[in-house]
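start12.cif (mmCIF, C-alpha atoms and all ligand atoms) appears below.
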data_entry
#
loop_
_atom_site.label_atom_id
_atom_site.label_comp_id
_atom_site.auth_asym_id
_atom_site.auth_seq_id
_atom_site.Cartn_x
_atom_site.Cartn_y
_atom_site.Cartn_z
CA MET A 1 149.85 288.10 41.23
CA SER A 2 146.48 286.37 41.29
CA GLU A 3 144.58 285.89 44.51
CA THR A 4 145.16 282.13 44.46
CA THR A 5 148.99 282.51 44.44
CA SER A 6 149.26 285.38 46.91
CA TYR A 7 149.79 283.20 49.92
CA ARG A 8 151.23 279.85 50.88
CA LEU A 9 150.25 277.28 53.43
CA VAL A 10 153.24 275.93 55.33
CA ASN A 11 152.83 272.77 57.32
CA VAL A 12 154.37 273.31 60.76
CA SER A 13 152.64 270.39 62.46
CA GLY A 14 154.97 268.80 64.98
CA THR A 15 157.81 271.23 64.21
CA VAL A 16 160.26 270.82 67.06
CA PRO A 17 161.71 273.89 68.84
CA ALA A 18 164.83 275.12 67.03
CA PRO A 19 167.83 276.95 68.53
CA ILE A 20 168.31 280.68 67.85
CA THR A 21 170.70 281.53 65.05
CA HIS A 22 172.13 285.03 65.28
CA TRP A 23 174.18 287.40 63.18
CA ALA A 24 177.96 287.21 63.51
CA PRO A 25 179.79 289.78 65.62
CA VAL A 26 181.28 292.45 63.38
CA LEU A 27 184.09 294.88 64.19
CA VAL A 28 184.24 298.26 62.44
CA PRO A 29 187.77 299.56 63.06
CA ARG A 30 188.49 303.18 63.95
CA GLU A 31 190.43 303.62 60.69
CA ALA A 32 187.34 302.73 58.61
CA ILE A 33 185.15 305.09 60.62
CA GLU A 34 187.69 307.92 60.30
CA ALA A 35 188.03 307.37 56.54
CA GLU A 36 184.25 307.54 56.13
CA ILE A 37 184.09 310.71 58.25
CA GLN A 38 186.68 312.28 55.96
CA ARG A 39 184.82 311.15 52.81
CA LEU A 40 181.56 312.61 54.12
CA ALA A 41 183.30 315.89 54.97
CA ASP A 42 184.95 316.10 51.54
CA GLU A 43 181.86 315.59 49.40
CA PRO A 44 179.53 318.48 48.49
CA ALA A 45 176.78 319.02 51.07
CA PRO A 46 173.52 317.32 50.00
CA ALA A 47 170.37 319.41 49.51
CA ASP A 48 169.09 318.67 53.02
CA GLY A 49 172.50 319.19 54.62
CA ARG A 50 172.67 315.70 56.16
CA ARG A 51 176.08 314.12 55.55
CA ALA A 52 175.54 310.56 56.74
CA ALA A 53 176.63 306.96 56.16
CA VAL A 54 174.88 303.96 57.64
CA ILE A 55 177.05 301.00 58.71
CA VAL A 56 175.30 297.90 57.36
CA HIS A 57 176.01 294.41 58.68
CA PRO A 58 177.05 291.94 55.94
CA GLU A 59 174.14 289.68 56.89
CA CYS A 60 171.60 292.48 56.41
CA VAL A 61 170.37 291.62 52.92
CA ASP A 62 166.73 292.75 53.06
CA GLY A 63 167.35 296.47 52.59
CA THR A 64 166.56 297.38 56.20
CA GLN A 65 170.11 298.78 56.67
CA GLY A 66 170.74 297.32 60.10
CA PHE A 67 174.02 296.89 61.94
CA ALA A 68 171.95 294.52 64.06
CA PRO A 69 168.62 293.13 62.84
CA GLY A 70 166.60 295.91 64.51
CA VAL A 71 169.22 298.64 65.03
CA ASP A 72 171.07 300.92 62.66
CA VAL A 73 174.24 302.88 63.35
CA THR A 74 174.80 305.98 61.24
CA ILE A 75 177.89 308.19 61.08
CA GLU A 76 176.65 311.77 60.83
CA VAL A 77 178.97 314.66 60.03
CA LEU A 78 178.47 318.42 59.86
CA LYS A 79 181.05 321.06 59.02
CA PRO A 80 181.19 324.24 61.13
CA GLY A 81 178.09 326.36 60.51
CA GLU A 82 176.24 323.61 58.63
CA GLN A 83 172.68 322.68 59.61
CA THR A 84 170.38 319.85 58.54
CA ARG A 85 166.91 320.45 57.12
CA PRO A 86 164.36 319.82 59.90
CA MET A 87 162.72 316.41 59.65
CA LEU A 88 160.74 313.98 61.72
CA ARG A 89 160.48 310.18 61.73
CA ASN A 90 158.67 307.57 63.79
CA SER A 91 161.91 305.87 64.81
CA ASN A 92 163.64 306.99 68.01
CA GLN A 93 167.30 307.94 68.15
CA ILE A 94 170.35 308.07 70.39
CA HIS A 95 173.11 310.47 69.31
CA PHE A 96 176.64 310.00 70.70
CA GLY A 97 179.16 312.75 70.01
CA ILE A 98 182.61 311.48 69.06
CA GLN A 99 184.14 314.72 67.74
CA GLY A 100 183.35 318.44 67.91
CA SER A 101 180.16 319.98 69.21
CA GLY A 102 176.81 321.27 68.09
CA ALA A 103 173.17 321.81 68.90
CA ILE A 104 170.21 319.57 68.19
CA GLN A 105 167.01 321.58 68.05
CA VAL A 106 164.00 319.38 68.81
CA GLY A 107 160.77 321.37 68.59
CA LYS A 108 161.15 324.22 71.04
CA GLU A 109 164.12 322.70 72.84
CA THR A 110 167.80 323.08 72.02
CA LEU A 111 170.20 320.37 73.15
CA ALA A 112 173.83 321.48 73.30
CA THR A 113 176.06 318.43 72.90
CA GLY A 114 179.77 317.81 72.74
CA LYS A 115 182.23 314.96 72.70
CA TRP A 116 181.01 311.81 74.48
CA ASP A 117 177.66 313.38 75.34
CA VAL A 118 174.55 311.28 74.70
CA ALA A 119 171.25 312.76 73.47
CA SER A 120 167.85 311.17 72.86
CA ILE A 121 165.48 312.25 70.10
CA PRO A 122 161.95 310.94 70.57
CA SER A 123 159.78 309.65 67.75
CA MET A 124 157.84 312.18 65.64
CA GLN A 125 159.43 315.23 67.21
CA PRO A 126 160.88 317.45 64.44
CA TYR A 127 164.60 318.06 64.80
CA SER A 128 167.52 319.75 63.14
CA CYS A 129 171.25 319.43 63.88
CA LYS A 130 173.62 322.41 63.65
CA ASN A 131 177.37 322.52 64.05
CA THR A 132 177.94 325.44 66.43
CA GLY A 133 181.66 324.77 66.94
CA LYS A 134 184.85 325.40 65.02
CA GLU A 135 185.69 321.83 64.03
CA LEU A 136 183.91 318.94 62.36
CA TRP A 137 180.97 317.68 64.42
CA VAL A 138 180.66 313.89 64.28
CA ARG A 139 178.05 311.68 65.92
CA LEU A 140 177.19 308.00 65.95
CA VAL A 141 173.41 307.80 65.69
CA TYR A 142 171.53 304.65 66.74
CA SER A 143 167.89 304.07 65.80
CA ASN A 144 165.23 301.39 65.51
CA ALA A 145 164.59 302.24 61.84
CA PRO A 146 165.60 298.73 60.58
CA LEU A 147 162.92 297.10 62.73
CA LEU A 148 160.33 299.60 61.46
CA ARG A 149 161.46 298.98 57.85
CA LYS A 150 160.96 295.26 58.43
CA LEU A 151 157.44 296.09 59.64
CA GLY A 152 156.97 298.32 56.58
CA VAL A 153 156.27 301.39 58.71
CA HIS A 154 159.38 303.55 58.90
CA TRP A 155 157.79 306.95 58.30
CA SER A 156 159.96 309.99 57.74
CA ASP A 157 159.44 313.40 56.17
CA TYR A 158 160.78 316.91 56.22
CA ALA A 159 159.13 319.12 58.82
CA GLN A 160 156.48 321.64 57.83
CA PRO A 161 156.81 325.37 58.55
CA GLY A 162 156.18 326.09 62.22
CA TRP A 163 157.86 322.82 63.24
CA GLU A 164 159.79 324.55 66.02
CA ILE A 165 156.63 325.25 68.00
CA LYS A 166 155.18 321.72 67.86
CA ALA A 167 153.58 320.87 71.19
CA ILE A 168 153.67 317.26 72.33
CA ALA A 169 150.61 317.16 74.55
CA SER A 170 148.16 318.86 72.18
CA THR A 171 144.58 317.62 71.98
CA ALA A 172 143.62 316.51 68.49
CA GLY A 173 140.19 316.22 66.93
CA VAL A 174 136.71 317.61 67.41
CA ASN A 175 134.21 316.61 70.11
CA VAL A 176 137.05 316.42 72.63
CA ASP A 177 134.55 315.75 75.42
CA ILE A 178 134.15 312.25 73.97
CA ASN A 179 137.24 310.51 75.32
CA ARG A 180 138.43 307.53 77.33
CA ALA A 181 137.34 309.11 80.65
CA ASN A 182 133.67 308.55 79.78
CA ALA A 183 134.05 305.32 77.77
CA PRO A 184 132.99 301.93 79.15
CA ASP A 185 135.56 300.09 81.27
CA ILE A 186 134.09 296.96 82.85
CA GLN A 187 135.84 294.11 84.65
CA ILE A 188 134.34 290.78 83.57
CA SER A 189 136.46 288.24 85.43
CA ALA A 190 137.96 287.93 88.86
CA GLU A 191 141.35 287.36 87.21
CA GLY A 192 141.27 290.80 85.59
CA ALA A 193 139.83 290.55 82.07
CA ARG A 194 138.05 293.80 81.13
CA LEU A 195 135.95 295.20 78.31
CA ARG A 196 136.78 298.71 77.23
CA GLY A 197 135.53 301.26 74.72
CA TYR A 198 137.48 301.92 71.52
CA GLU A 199 138.32 305.38 72.88
CA PHE A 200 141.02 303.69 74.96
CA LEU A 201 142.81 302.78 71.72
CA THR A 202 142.65 306.18 70.07
CA ASP A 203 142.97 308.51 73.07
CA ILE A 204 145.99 306.95 74.77
CA GLU A 205 147.37 308.47 77.94
CA VAL A 206 150.39 310.58 77.03
CA VAL A 207 153.68 309.99 78.79
CA GLU A 208 155.74 313.04 77.99
CA ASN A 209 159.01 312.10 76.31
CA ARG A 210 161.31 315.10 76.25
CA PRO A 211 164.50 315.11 74.23
CA LEU A 212 167.31 314.76 76.78
CA VAL A 213 171.07 315.15 77.05
CA TRP A 214 173.38 313.20 79.33
CA PRO A 215 176.62 315.19 79.32
CA TRP A 216 179.73 313.08 79.71
CA GLU A 217 180.90 315.38 82.51
CA SER A 218 177.71 314.64 84.50
CA ALA A 219 178.28 310.87 84.33
CA THR A 220 181.99 310.87 85.10
CA PRO A 221 181.72 311.63 88.86
CA LEU A 222 179.90 308.31 89.28
CA LEU A 223 182.26 306.29 87.13
CA SER A 224 185.39 304.62 88.40
CA ARG A 225 188.61 306.43 87.43
CA GLU A 226 191.15 304.94 89.82
CA ARG A 227 191.54 301.43 91.05
CA GLY A 228 189.78 300.97 94.39
CA ASP A 229 187.92 304.31 94.33
CA GLY A 230 184.63 302.56 95.11
CA LEU A 231 182.84 304.15 92.17
CA ARG A 232 180.80 302.38 89.52
CA ASN A 233 181.95 300.56 86.41
CA ILE A 234 178.68 301.09 84.60
CA ILE A 235 175.90 303.69 84.65
CA LEU A 236 172.55 303.66 82.85
CA LEU A 237 171.45 306.84 81.09
CA TYR A 238 167.81 306.78 82.16
CA ASN A 239 164.92 308.58 80.49
CA PRO A 240 161.90 308.71 82.86
CA ALA A 241 159.47 308.43 79.92
CA THR A 242 160.52 304.78 79.62
CA GLU A 243 159.34 304.08 83.18
CA ARG A 244 159.97 300.48 84.31
CA ARG A 245 161.57 299.60 80.98
CA ASN A 246 164.62 301.59 82.07
CA GLY A 247 165.56 302.94 78.69
CA THR A 248 167.32 305.93 77.22
CA THR A 249 164.71 305.80 74.45
CA HIS A 250 161.67 303.54 74.22
CA SER A 251 163.78 301.10 72.16
CA PHE A 252 167.25 301.33 73.66
CA PHE A 253 169.22 301.74 76.81
CA ALA A 254 172.61 303.41 76.70
CA THR A 255 175.20 302.67 79.36
CA LEU A 256 178.59 304.24 79.98
CA PHE A 257 181.27 301.85 81.23
CA SER A 258 184.61 302.73 82.75
CA ILE A 259 187.31 300.46 84.11
CA PRO A 260 190.36 302.24 85.50
CA LYS A 261 194.00 301.63 84.80
CA GLY A 262 195.68 299.01 86.93
CA VAL A 263 192.79 296.57 87.25
CA PRO A 264 194.46 293.30 86.33
CA PRO A 265 193.04 291.48 83.31
CA ARG A 266 190.74 288.64 84.33
CA PRO A 267 191.00 285.18 82.82
CA VAL A 268 188.61 284.15 80.08
CA THR A 269 185.58 282.43 81.56
CA ARG A 270 182.04 281.72 80.40
CA GLY A 271 179.92 284.68 79.26
CA HIS A 272 176.23 285.49 79.47
CA LYS A 273 173.33 285.64 77.01
CA HIS A 274 170.34 287.89 76.39
CA SER A 275 167.78 288.30 73.66
CA SER A 276 168.55 292.02 73.45
CA VAL A 277 171.40 292.87 71.07
CA ALA A 278 174.44 294.80 72.32
CA ILE A 279 176.58 297.22 70.32
CA ASN A 280 179.75 298.55 71.94
CA TYR A 281 181.66 301.67 70.95
CA HIS A 282 185.06 301.77 72.64
CA PHE A 283 186.07 305.38 73.07
CA VAL A 284 189.04 304.75 75.36
CA GLY A 285 191.28 301.73 75.85
CA GLN A 286 191.70 298.31 74.35
CA GLY A 287 190.72 294.78 75.10
CA LYS A 288 188.92 291.82 73.64
CA SER A 289 185.44 290.37 73.46
CA VAL A 290 184.75 286.66 73.30
CA VAL A 291 181.52 286.00 71.41
CA ASP A 292 180.60 282.31 71.36
CA ASP A 293 183.99 280.81 70.40
CA GLU A 294 185.35 283.84 68.58
CA THR A 295 187.87 286.26 70.16
CA ILE A 296 187.72 289.81 68.80
CA HIS A 297 190.39 292.32 69.76
CA TRP A 298 189.34 295.98 69.84
CA LYS A 299 190.93 299.37 70.51
CA THR A 300 189.96 303.02 70.95
CA GLY A 301 187.53 304.14 68.25
CA ASP A 302 186.36 300.66 67.20
CA LEU A 303 182.65 299.84 66.97
CA LEU A 304 181.61 296.25 67.62
CA LEU A 305 178.41 294.25 67.37
CA SER A 306 179.55 292.80 70.66
CA GLY A 307 176.51 290.86 71.81
CA PRO A 308 174.43 289.50 68.93
CA SER A 309 171.08 288.32 70.28
CA TRP A 310 171.46 285.16 72.37
CA SER A 311 175.19 284.87 71.70
CA GLU A 312 177.32 283.90 74.69
CA HIS A 313 179.61 286.87 75.20
CA ALA A 314 182.00 288.48 77.69
CA HIS A 315 184.41 291.41 77.54
CA TYR A 316 187.97 291.65 78.83
CA TYR A 317 190.24 294.63 79.44
CA ASP A 318 194.02 294.72 79.25
CA GLY A 319 194.81 296.59 82.49
CA HIS A 320 195.29 300.02 80.89
CA GLY A 321 191.72 301.23 81.45
CA ALA A 322 188.78 301.40 79.05
CA GLN A 323 185.58 303.36 78.46
CA VAL A 324 182.69 301.98 76.45
CA LEU A 325 179.25 303.11 75.29
CA THR A 326 176.83 300.18 75.04
CA ILE A 327 173.50 300.35 73.25
CA GLN A 328 170.97 297.52 73.71
CA ASP A 329 167.37 297.11 72.52
CA HIS A 330 166.45 296.05 76.03
CA PRO A 331 163.34 298.29 76.61
CA LEU A 332 161.87 297.09 73.32
CA HIS A 333 162.12 293.49 74.50
CA ILE A 334 160.62 294.30 77.91
CA GLY A 335 157.63 295.84 76.10
CA MET A 336 157.25 292.64 74.06
CA GLU A 337 157.78 290.33 77.07
CA SER A 338 160.66 288.79 75.11
CA LEU A 339 163.67 289.82 77.22
CA ILE A 340 165.16 286.47 78.12
CA TRP A 341 168.45 286.56 80.03
CA GLN A 342 170.87 283.84 81.12
CA GLU A 343 173.54 285.25 83.42
CA ARG A 344 175.28 281.93 84.03
CA MET A 345 175.44 279.19 81.48
CA ASP A 346 174.61 276.68 84.22
CA GLY A 347 171.82 278.91 85.57
CA PRO A 348 168.19 279.56 84.64
CA ILE A 349 166.85 281.49 81.65
CA LEU A 350 164.89 284.39 83.18
CA ASN A 351 162.16 286.39 81.47
CA LEU A 352 163.19 289.78 82.87
CA GLY A 353 160.28 292.09 83.61
CA SER A 354 157.83 289.20 83.84
CA GLU A 355 159.41 287.12 86.61
CA ALA A 356 161.80 287.80 89.47
CA GLY A 357 164.98 289.25 88.03
CA GLN A 358 168.68 288.78 88.56
CA LYS A 359 169.64 289.79 92.09
CA GLY A 360 173.04 289.42 93.70
CA TYR A 361 174.71 290.65 90.51
CA VAL A 362 177.84 292.21 91.99
CA GLY A 363 179.56 293.21 88.73
CA PRO A 364 178.32 296.84 88.64
CA ARG A 365 179.48 297.39 92.26
CA GLN A 366 182.97 296.02 91.78
CA ALA A 367 184.88 299.08 90.75
CA GLY A 368 188.60 299.34 90.63
FE FE B 1 175.73 291.31 77.61
#

Could you render the structure as structure tokens?
Amino acid sequence: MSETTSYRLVNVSGTVPAPITHWAPVLVPREAIEAEIQRLADEPAPADGRRAAVIVHPECVDGTQGFAPGVDVTIEVLKPGEQTRPMLRNSNQIHFGIQGSGAIQVGKETLATGKWDVASIPSMQPYSCKNTGKELWVRLVYSNAPLLRKLGVHWSDYAQPGWEIKAIASTAGVNVDINRANAPDIQISAEGARLRGYEFLTDIEVVENRPLVWPWESATPLLSRERGDGLRNIILLYNPATERRNGTTHSFFATLFSIPKGVPPRPVTRGHKHSSVAINYHFVGQGKSVVDDETIHWKTGDLLLSGPSWSEHAHYYDGHGAQVLTIQDHPLHIGMESLIWQERMDGPILNLGSEAGQKGYVGPRQAG
């Protein structure tokens, strides 16, 4: 392509603001997930040991392999004794165990995980998964790889020898006494504008991000199990490395939701909206989600793109109890100052993290 045809000029003068158009909600039924698990288990193990299938949304046509525009969901399977070749990637991951058990080795740390346990794998930390149990080990793995592919920077490679002793807080480079601590840092306006040396860009303060596990059995004492027990319907799995962005990884939060048996179904009302995208995996129970004007019925084992960005959505349970893992790219949006949230359709659109947030939200305290 010649230089003169390598770009276009697009006239956007006077372009009026346009509404958001989002991907459709998509349900992946338990039967389809189970069939794919079986197919992965039946095929010969690949050279790197990673039996995996990514669930791609029908509207993902740019090769980024998303279930939502910036999020992929991968079914990963290992037979007893099998282990994946150690690798590292600059996407971050949440692993949710849905069957069996195993160990994820991340650098020097070993995370033992079982059914309904959640684990985080930070970016660029080499890891390997091993089935240490006697049955098939199956995980749903969520990552921000599609967003990085869109940016053209999803980096991944197999780990080099010695990967298991990688230290996170190592000091790289020569002349280590030249660093941000002795670089210029000068305030130039009363409002706060500053001038800083380039060292601030290359020698960034490290916030340690350890791989973590949130065992299901540690979360359950806080979650409501019986009607009227005063416990919580929803709990955030918090990773302190994400600080005020309240994530499980730097891209995503994971929440565990539980509504006990006997809570009467509530009538369909208006939903809420947020720019973060929500993906629900229903591991117990059945119910329905209303997304814009569409009603989607779900049951145990179904995965649902339940809250496409800026869709109006709400979830309803049938009175027999339900448990749900939700993944949202909420911390990512806080970092970009793009987390807009409308809790009531007749209420304000709030920019959460940049202006006063939603208080008086009683939903999480109304258990049972
Ligand atoms: Fe939502």

Per residue of chain A within 9 Å of ligand FE 1 (chain B), which atom pair is closest and at what distance in Å (one decimal), using all atoms listed in the file, listed by chain and increasing number, as a Markdown table?
| residue | atom | partner | partner_atom | distance |
| --- | --- | --- | --- | --- |
| A:Gly271 | CA | B:FE1 | FE | 8.0 |
| A:His272 | CA | B:FE1 | FE | 6.1 |
| A:Lys273 | CA | B:FE1 | FE | 6.2 |
| A:His274 | CA | B:FE1 | FE | 6.5 |
| A:Ser276 | CA | B:FE1 | FE | 8.3 |
| A:Val277 | CA | B:FE1 | FE | 8.0 |
| A:Ala278 | CA | B:FE1 | FE | 6.5 |
| A:Ser306 | CA | B:FE1 | FE | 8.1 |
| A:Gly307 | CA | B:FE1 | FE | 5.9 |
| A:Pro308 | CA | B:FE1 | FE | 9.0 |
| A:Ser311 | CA | B:FE1 | FE | 8.8 |
| A:Glu312 | CA | B:FE1 | FE | 8.1 |
| A:His313 | CA | B:FE1 | FE | 6.4 |
| A:Ala314 | CA | B:FE1 | FE | 6.9 |
| A:His315 | CA | B:FE1 | FE | 8.7 |
| A:Gln328 | CA | B:FE1 | FE | 8.7 |
| A:Glu343 | CA | B:FE1 | FE | 8.7 |

Fill in: Counting only C-alpha atoms, the residue of A:Glu294, A:Glu217, A:Asp346, A:Glu76 that sits nearest Lys115 of chain A
A:Glu217

Discussion item. So that I can see what lies close to Gly49 of chain A, please list as number ranges by chain the residues with an atom at most 9 Å from it, counting only C-alpha atoms and leaving out residues fewer than 5 positions away in the same chain.
Written reply: A: 78, 82-85

Worksheet item: Could you pull the residues within 12 Å of Arg39 of chain A, counting only C-alpha atoms, minus those fewer than 3 positions along the same chain, as a list in words?
Response: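 Answer for this query is Ala32, Ile33, Glu34, Ala35, Glu36, Asp42, Glu43, Pro44, Ala45, Arg51, Ala52, Ala53, Ile75, Glu76, Val77 and Leu78 of chain A.
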
Edge lengths and centre in Å, axis-aligned, segment 314-330 of chain A plus 8 Å each side, as JSON:
{"center_x": 180.9, "center_y": 295.9, "center_z": 77.5, "size_x": 44.8, "size_y": 30.9, "size_z": 26.0}

Discussion item. I'd like to know which of A:Ala241, A:Ile98, A:Val291, A:Ile55 is closest to Asn209 of chain A, using all atoms listed in the file.
Written reply: A:Ala241

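In this comparison, which uses all atoms listed in the file, the residue of A:Arg50, A:Thr326, A:Trp155, A:Glu191 approaching Val138 of chain A most closely is A:Arg50.
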
Practice prompt. Please indicate the distance in Å from atom CA of Leu140 of chain A to atom CA of Asp117 of chain A, rounded to one decimal place.
Written response: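 Between atom CA of Leu140 of chain A and atom CA of Asp117 of chain A the gap is 10.8 Å.
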
With all atoms listed in the file counted and 12 Å as the cut-off, give the residues of segment 105-124 of chain A in contact with segment 246-257 of chain A, each with its shortest interatomic distance in Å and the pair that gives it, as a tab-separated table.
residue	atom	partner	partner_atom	distance
A:Trp116	CA	A:Leu256	CA	9.7
A:Asp117	CA	A:Leu256	CA	10.3
A:Val118	CA	A:Ala254	CA	8.3
A:Ala119	CA	A:Thr248	CA	8.7
A:Ser120	CA	A:Thr249	CA	6.4
A:Ile121	CA	A:Thr249	CA	7.8
A:Pro122	CA	A:Thr249	CA	7.0
A:Ser123	CA	A:His250	CA	9.1

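Each of A:Gly353, A:Gly102, A:Pro126, A:Gly230 was compared to Pro260 of chain A using all atoms listed in the file, and A:Gly230 turns out to be the nearest.
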
Worksheet item: For the atom pair atom CA of Asn351 of chain A and atom CA of Leu148 of chain A, what is the interatomic distance in Å to one decimal place?
Response: 24.0 Å

Worksheet item: So what do you get for atom CA of Ala103 of chain A versus atom CA of Met87 of chain A, distance-wise?
Response: 15.0 Å

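Among the candidates A:Val10, A:Met124, A:Leu305, A:Val16, the residue lying nearest to Gly66 of chain A is A:Leu305 (atoms considered: only C-alpha atoms).
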
Discussion item. With all atoms listed in the file as the counted atoms, please give the residues lying no more than 8 Å from Trp298 of chain A, apart from itself and same-chain residues fewer than 4 positions off, as a PyMOL selection string.
Written reply: chain A and resi 27+29+282+286-289+302
